[in-house]
Structure formats: structure tokens, C-alpha cells
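> Encoded as C-alpha cells, here's the structure I'll be asking about.
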Amino acid sequence: MEIYQVSVFVENKSGKLADITDVLSENGINIRALCIADTADFGILRLIVEDPHKTEKILMENGFTVTLTKVIGARISDTPGGLSTVLRILSDAGISIEYLYAFIEKTADRASVILRVDDDVNAEKALTENDVELIDGDAFHE
Amino acid sequence: MYYNKKIETMEREELKKLQAERLKKTVERVYNNVPLYRERFDEYGIKPEHIKTVDDLKNLPFTYKTDLRDTYPYGLFAAPMDEVVRIHASSGTTGKQTVVGYTKNDIDVWAECVARGIVSVGGSDKDIVHVSYGYGLFTGGLGLHDGATKLGAAVVPVSTGNTARQINIFKDFGSTILCCTPSYAMYLAEAVKDSGISPDELKLRIGIFGAEPWTEEMRQEIEKGLGIKAYDIYGLSEVCGPGVACNCYMQNGLHVQEDHFIPEIIDPDTGEVLPEGESGELVFTCITKEALPLIRYRTRDISSLIYGKCECGRTTVRMTKPCGRTDDMLIIRGVNVFPSQVESVLLNIEGVSPHYHITVDRVNNLDTMEVAVEMSPSLFSDSVKVIQEKEKIIKQALLSTLNISVGVKLVGPKTISRSEGKANRVTDLRKNK
Ligand SMILES: [Zn+2]
């Protein structure tokens with residue numbers, strides 16, 4: 001199963017981010033991972049949640065602009081150099097990364113990274129061939 | 001085809017002579033019959049005999065909408081009430097309404113102006129003219145009605161409302177020319193589509209629309225939706241009503257009925273007459289009206305004048321489609337900007353909502369303008385770069401239309417007020433500085 005990230009437009013105005021997280025908590029949506037891209041005049045909140053389709057629907061009903069994007073999840077060892085390995089593999093395969101964000105899983109020594117790349121198929125192939133463990137969508141989405 | 005070929009194709013010199021004669025008579029008439037004009041001319045040291053040519057017009061004082069309100073209801077009438085045969089009024093959104101009157105001759109002149117307009121867009125006495133303007137105190141309904149009647153066309157006085165009936169009449173009566181406001185035409189086009197009728201099934205071929213500002217985009221939408229050619233008719237009740245000017249079939253400017261109304265373009269701040277081609281406030285002087293001949297009436301509409309001969313053969317001056325109101329005009333770094341221009345730019349960019357809010361400020365003695373645009377699903381992406389690209393497209397389009405660079409700020413969907421009017425569309429922070 002693929003991993004779908006929920007991206008939400010955030011107006012650059014205080015309280016706007018809290019408006020979104022309020023809606024999520026009121027609807028019992030648990031955030032597994034997140035990152036915020038921020039520019040001088042707007043932001044994009046990127047979320048990994050259990051049910052991306054339901055989350056998209058709820059946010060839209062509450063007046064937010066939302067889009068779903070396919071991303072890749074990879075497990076890396078939570079030690080120095082863990083992230084570099086993954087980045088090197090992708091750069092050697094000629095794949096560019098638009099953005100990434102890492103988070104630590106509850107199971108002790110491993111971290112995970114969410115990657116948005118320009119070529120999903122070849123990125124997944126390169127990582128698998130180099131023994132990087134990909135995260136299945138089932139790990140997040142129930 | 002012309003309704004009055006002699007006048008509509010008259011050489012400029014001859015026309016100017018005719019205008020001068022009529023202007024002289026009108027100035028005498030208002031000086032002798034209207035106390036406000038006598039006082040104001042005296043104040044300026046002007047006697048009717050000082051006015052000899054059309055060029056002397058620029059020495060006369062202006063008339064403002066407030067003059068009509070201050071002399072409510074009949075204070076500016078230059079004819080006795082027994083000669084007045086019609087009274088119209090426009091409901092002011094603020095304060096008193098403006099009351100206008102017509103003699104028998106005024107009604108005839110007005111009808112001829114409208115008839116000339118209908119012919120210049122390709123209409124004739126064979127047409128079935130469907131008038132969906134409101135009938136009543138508003139000049140739209142009766143104005144088009146009388147003009148089409150004078151032409152000898154078959155008039156269907158439907159008035160506004162009851163859309164289903166409007167469409168049945170299109171079908172059953174075979175209406176060929178539709179006259180109404182452009183927004184009602186948009187609404188009718190929508191209703192025709194919803195009722196499953198193809199425009200080909202209707203005999204409609206021409207639309208004559210006016211009484212409110214509309215954009216080129218609306219024109220295209222109406223033309224497609226109703227399968228017609230859509231033309232602009234201009235006029236305001238203070239000057240006469242619809243028909244003061246009208247598009248010809250070239251759709252390139254509106255021919256002014258210059259033997260009855262002399263147009264000028266002035267700088268709204270200084271009152272100076274501007275040279276041909278420059279845009280400014282449109283001012284009209286009525287030179288044949290009897291009941292209410294206003295002198296240099298400030299319309300507050302922004303337009304410009306084209307004097308060259310039109311490809312249709314007419315020699316009368318053309319005014320460009322009014323692009324805004326002086327009341328709405330913003331001056332940013334010396335450039336005139338109208339909120340309606342912003343709307344029209346946004347309408348032209350796919351996927352962008354036309355709702356906007358303008359904030360004007362002054363930073364380091366330099367005017368700044370920022371346009372807030374609502375984020376929409378088609379503008380949004382999970383990539384900052386993609387959104388910024390789209391922002392840049394909006395900025396570029398605004399720059400090329402407004403001739404000044406403006407900032408664009410993306411705001412949340414449905415956060416901009418939907419109501420009309422400058423008050424809600426513009427925040428000018430310079431006023432507090
Ligand atoms: Zn023409």
C-alpha cells in the first residue's frame with residue numbers, strides 16, 4: 001500500500017495552523033508525522049495520518065484547501081550517517097528530492113524518513129536494490 | 001445601414017457648426033430658465049453671448065449629481081411643467097433620488113438616438129425586440145421600448161423577471177434582439193442552458209446591453225451562451241437615458257450621438273480637458289434637451305474618445321467602454337488603477353477565483369499595492385515552488401494590465417468578502433498617514 005501525505009494550505013496569519021490542528025483533534029485524527037514548509041507569505045502543512053482520504057474530506061468540509069500526494073517512506077538506522085546513505089543512493093540514481101522530513105518511530109533504534117521525489121518508481125527501485133527498507137502504507141494508514 | 005445617414009456621417013466641420021448653434025441656444029435656455037445656472041454663470045462672469053463655438057464649452061462650469069439632489073425634484077428643469085410629458089428617477093443608494101424630466105421633443109430625440117443605436121448594430125424594422133430591462137422609473141425599459149418602436153420593429157415589452165416565461169417567449173415569439181442588463185443576460189444564458197435548449201434553436205441574433213459595467217469576458221460568455229453578438233449601449237438618465245452612445249457592429253467603441261450630446265474627457269482632479277485618446281472622466285453637455293439640458297455634466301465614468309472615422313462609415317466620435325468610476329479609482333505611484341481591472345485579470349487566469357481584496361499602503365514614501373487572492377484547489381500544490389510559479393503568473397498578468405508592479409498574497413479559501421463596492425474591495429492605509 002502506498003503512503004499518501006495530506007498537504008494543507010496555511011495562510012500566513014497567527015492562529016491559522018492551530019485552526020487546522022483543532023479540526024484534526026476534534027475529529028480524532030492522530031498525526032503520525034508532519035512538517036511545515038514556510039515562505040514569507042504562506043505555508044504548507046504536510047501530514048501523515050491514519051486515513052488520508054477521510055482527513056482530506058474533513059479538512060475540505062471545514063473550508064481548507066487540501067491535496068493528497070504520494071510519498072515514499074524509508075527506514076534508516078538512527079545512527080550518524082543513516083540519512084546520508086539514503087540520500088547518496090538516490091543521488092547516484094539521478095533522482096532529485098523535492099523535500100524530506102524525518103521522524104523517530106516508537107521502536108527504539110530506528111528512524112524513518114518521508115521523501116518526496118521526482119520519480120517514485122525509480123527511487124523505490126534504487127532504495128530496495130540497496131537494501132533500504134521501505135515503509136508500507138499499512139504502517140500508517142489503517 | 002444608418003438610421004440618420006446625414007447626421008451619422010457628417011463631416012466634422014459641419015457637425016461642429018451644428019453643435020455650436022445648438023449649444024448657444026441651450027446656454028441661453030438654461031441661463032434664462034434655471035436659477036442655479038444663472039447664478040453659477042454670473043459667478044464665472046459668463047454671459048450666453050460669450051459662447052460662440054464648441055471650443056468655448058471648456059469655459060463653462062460643471063454640473064454635478066449633487067446639483068440635482070440639491071434642487072430636488074424639479075429645480076434644474078428648463079421647461080414649464082405643462083411641456084413636460086415624462087418623468088423618470090434613479091434610486092440613489094445614498095440620499096435622495098435624482099429626478100429627470102422630458103418634453104415631447106426630448107422623448108422623440110431619445111427614441112431616435114436608441115433607433116440609431118439599434119440600426120448601427122445591425123437591427124432593422126424586421127426585428128422582434130425583446131425588452132427585458134425593467135419598465136418604470138428606470139430609463140432602461142421605456143428607453144429601448146420607444147427606440148425600437150420608432151424604428152418600426154416589433155417590441156415585446158417583457159420587463160425583468162420570470163425567467164421561464166422569458167425563455168418561452170424567446171422560443172414562441174421568435175425574439176431576435178434582446179435588450180437588458182449584461183448581468184441579466186448572463187443569467188438568461190445560464191437558464192437557457194439549464195433548460196436544455198441549444199442557442200441554435202432560438203432566433204436571437206443581437207444583444208444590446210447596458211446600465212451597468214461589464215467586462216470583455218462577460219461579453220464572450222453571453223455571446224457563446226445565447227448564440228448572439230453582444231453590444232454595448234451607454235447612457236445615464238441625467239443626460240437622457242440609454243442611447244447617448246452605442247456600439248456599432250464593429251464592436252470598437254461606442255458612437256456618441258453628437259448632434260445631441262457633446263462629450264469631453266477631463267482630468268477628474270483639475271477639471272482640465274484632456275487631449276484625444278487620453279482617459280479621464282467623461283463629461284456630457286446636452287444641446288437639444290428642453291426639460292433638463294445639463295451643461296458639462298460629470299458622469300464619473302472613466303473613458304476616452306476616438307475621433308477618427310469608424311470602419312462602419314460613421315464619423316461621430318466614439319467613446320471607449322467605460323472602464324470604471326472616478327469614485328473607485330485608485331492612484332498608485334501616479335498610475336490610475338481600477339479594482340475592476342484586477343477582477344478582470346483574475347477572471348482570465350484559469351483556476352483563480354475572481355474574489356480579491358486590495359490593500360494600498362505607503363512605505364518609505366512609495367505607494368504599495370497588494371492583492372489578496374484566495375487559494376483554490378487548482379492553485380494549490382504540495383510544492384512551494386509550484387505555488388510560487390502560479391503566484392508569479394498572477395503578478396505578471398497584473399503588471400501587464402495595470403502597468404505597475406503589485407504584490408500578491410494568497411489567503412485561505414472563502415475568506416474574502418463577497419459583497420460589492422469599493423468599501424469592501426479596497427483598504428487604503430495611506431489615508432491614516
Ligand atoms: Zn462604427
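Order determines the names: the first chain of the C-alpha cells is A, the second B, and so forth; residues in each chain are numbered 1 upward, and ligands are numbered 1 upward as they are shown.
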Any idea which chain A residues end up within 10 Å of chain B if we count only C-alpha atoms, as number ranges by chain please?

A: 5-13, 16, 37-46, 60, 63-69, 98-99, 116

> Could you list the protein, DNA and RNA residues that have any atom within 12 Å of ligand 1, counting only C-alpha atoms and all ligand atoms, and write them as a short mmCIF file (atom, residue, chain, number, x, y, z; two decimals) with N, CA and C atoms, in the first residue's frame?


data_model
loop_
_atom_site.label_atom_id
_atom_site.label_comp_id
_atom_site.auth_asym_id
_atom_site.auth_seq_id
_atom_site.Cartn_x
_atom_site.Cartn_y
_atom_site.Cartn_z
N MET B 1 -25.70 50.19 -42.82
CA MET B 1 -27.03 50.80 -42.71
C MET B 1 -27.03 51.90 -41.64
N TYR B 2 -27.76 52.96 -41.92
CA TYR B 2 -27.85 54.07 -40.97
C TYR B 2 -29.32 54.38 -40.71
N GLU B 8 -25.14 60.94 -39.07
CA GLU B 8 -24.16 59.95 -38.62
C GLU B 8 -22.89 59.93 -39.46
N THR B 9 -22.93 60.51 -40.64
CA THR B 9 -21.72 60.53 -41.47
C THR B 9 -21.30 61.97 -41.81
N ARG B 116 -31.08 54.78 -33.76
CA ARG B 116 -29.78 54.81 -34.46
C ARG B 116 -28.87 53.70 -33.93
N GLY B 117 -28.89 53.54 -32.61
CA GLY B 117 -28.06 52.51 -31.99
C GLY B 117 -28.46 51.11 -32.46
N VAL B 119 -29.93 50.25 -35.21
CA VAL B 119 -29.54 50.07 -36.61
C VAL B 119 -28.02 49.88 -36.73
N SER B 120 -27.26 50.61 -35.91
CA SER B 120 -25.81 50.52 -36.05
C SER B 120 -25.25 49.16 -35.63
N VAL B 121 -26.02 48.39 -34.83
CA VAL B 121 -25.56 47.03 -34.51
C VAL B 121 -26.19 46.00 -35.44
N GLY B 122 -26.91 46.47 -36.45
CA GLY B 122 -27.44 45.54 -37.44
C GLY B 122 -28.92 45.23 -37.33
N TYR B 231 -23.68 43.79 -27.82
CA TYR B 231 -23.23 45.18 -27.98
C TYR B 231 -23.55 46.01 -26.75
N ALA B 245 -24.89 56.85 -26.36
CA ALA B 245 -23.86 56.27 -27.22
C ALA B 245 -24.15 54.78 -27.34
N CYS B 246 -23.72 54.20 -28.44
CA CYS B 246 -23.96 52.77 -28.66
C CYS B 246 -22.87 52.22 -29.57
N ASN B 247 -22.49 50.98 -29.33
CA ASN B 247 -21.58 50.27 -30.23
C ASN B 247 -22.15 50.28 -31.64
N CYS B 248 -21.28 50.16 -32.65
CA CYS B 248 -21.76 49.79 -33.97
C CYS B 248 -21.34 48.33 -34.15
N TYR B 249 -21.63 47.74 -35.30
CA TYR B 249 -21.33 46.31 -35.47
C TYR B 249 -19.84 46.00 -35.45
N MET B 250 -18.97 47.06 -35.51
CA MET B 250 -17.53 46.83 -35.43
C MET B 250 -17.10 46.47 -34.00
N GLN B 251 -17.94 46.73 -33.01
CA GLN B 251 -17.65 46.48 -31.58
C GLN B 251 -16.36 47.16 -31.13
N ASN B 252 -16.08 48.32 -31.70
CA ASN B 252 -14.85 49.02 -31.34
C ASN B 252 -15.18 50.45 -30.91
N GLY B 253 -15.65 50.59 -29.69
CA GLY B 253 -16.04 51.90 -29.19
C GLY B 253 -17.52 52.16 -29.43
N LEU B 254 -18.06 53.14 -28.71
CA LEU B 254 -19.48 53.46 -28.79
C LEU B 254 -19.65 54.82 -29.46
N HIS B 255 -20.41 54.87 -30.56
CA HIS B 255 -20.64 56.14 -31.26
C HIS B 255 -21.54 57.03 -30.40
N VAL B 256 -21.07 58.24 -30.14
CA VAL B 256 -21.87 59.19 -29.36
C VAL B 256 -22.80 59.93 -30.32
N GLN B 257 -24.05 60.12 -29.93
CA GLN B 257 -25.00 60.88 -30.78
C GLN B 257 -24.67 62.36 -30.58
N ILE B 306 -12.35 58.63 -29.34
CA ILE B 306 -11.65 58.33 -30.60
C ILE B 306 -12.37 59.13 -31.69
N TYR B 307 -11.66 60.08 -32.34
CA TYR B 307 -12.32 60.93 -33.33
C TYR B 307 -12.22 60.41 -34.77
N GLY B 308 -11.29 59.51 -35.04
CA GLY B 308 -11.13 59.04 -36.43
C GLY B 308 -12.39 58.38 -36.96
N LYS B 309 -12.54 58.38 -38.29
CA LYS B 309 -13.70 57.75 -38.91
C LYS B 309 -13.70 56.25 -38.62
N CYS B 310 -14.88 55.73 -38.30
CA CYS B 310 -15.00 54.30 -37.97
C CYS B 310 -15.12 53.49 -39.26
N GLU B 311 -14.72 52.24 -39.17
CA GLU B 311 -14.83 51.36 -40.35
C GLU B 311 -16.27 51.15 -40.79
N CYS B 312 -17.23 51.43 -39.89
CA CYS B 312 -18.64 51.26 -40.25
C CYS B 312 -19.11 52.41 -41.13
N GLY B 313 -18.29 53.46 -41.25
CA GLY B 313 -18.66 54.59 -42.09
C GLY B 313 -19.11 55.82 -41.30
N ARG B 314 -19.39 55.62 -40.01
CA ARG B 314 -19.85 56.75 -39.21
C ARG B 314 -18.68 57.68 -38.87
N THR B 315 -18.98 58.97 -38.80
CA THR B 315 -17.93 59.94 -38.47
C THR B 315 -18.06 60.43 -37.04
N THR B 316 -19.15 60.05 -36.36
CA THR B 316 -19.34 60.53 -34.98
C THR B 316 -18.26 59.95 -34.07
N VAL B 317 -17.91 60.75 -33.05
CA VAL B 317 -16.85 60.34 -32.13
C VAL B 317 -17.26 59.06 -31.39
N ARG B 318 -16.26 58.24 -31.12
CA ARG B 318 -16.52 57.03 -30.33
C ARG B 318 -15.93 57.17 -28.94
N MET B 319 -16.68 56.73 -27.93
CA MET B 319 -16.13 56.66 -26.57
C MET B 319 -15.77 55.20 -26.30
N THR B 320 -14.68 55.00 -25.57
CA THR B 320 -14.33 53.62 -25.24
C THR B 320 -15.23 53.15 -24.11
#

> Which is closest to Thr55 in chain A among A:Gly82, A:Ile76, A:Ile36, A:Leu24, if we use only C-alpha atoms?

A:Leu24

> Determine which residues of range 254-391 of chain B DSSP labels as alpha helix (DSSP H) from the backbone of this structure, then write them out as a ChimeraX atom specification.

/B:339-347,384-391
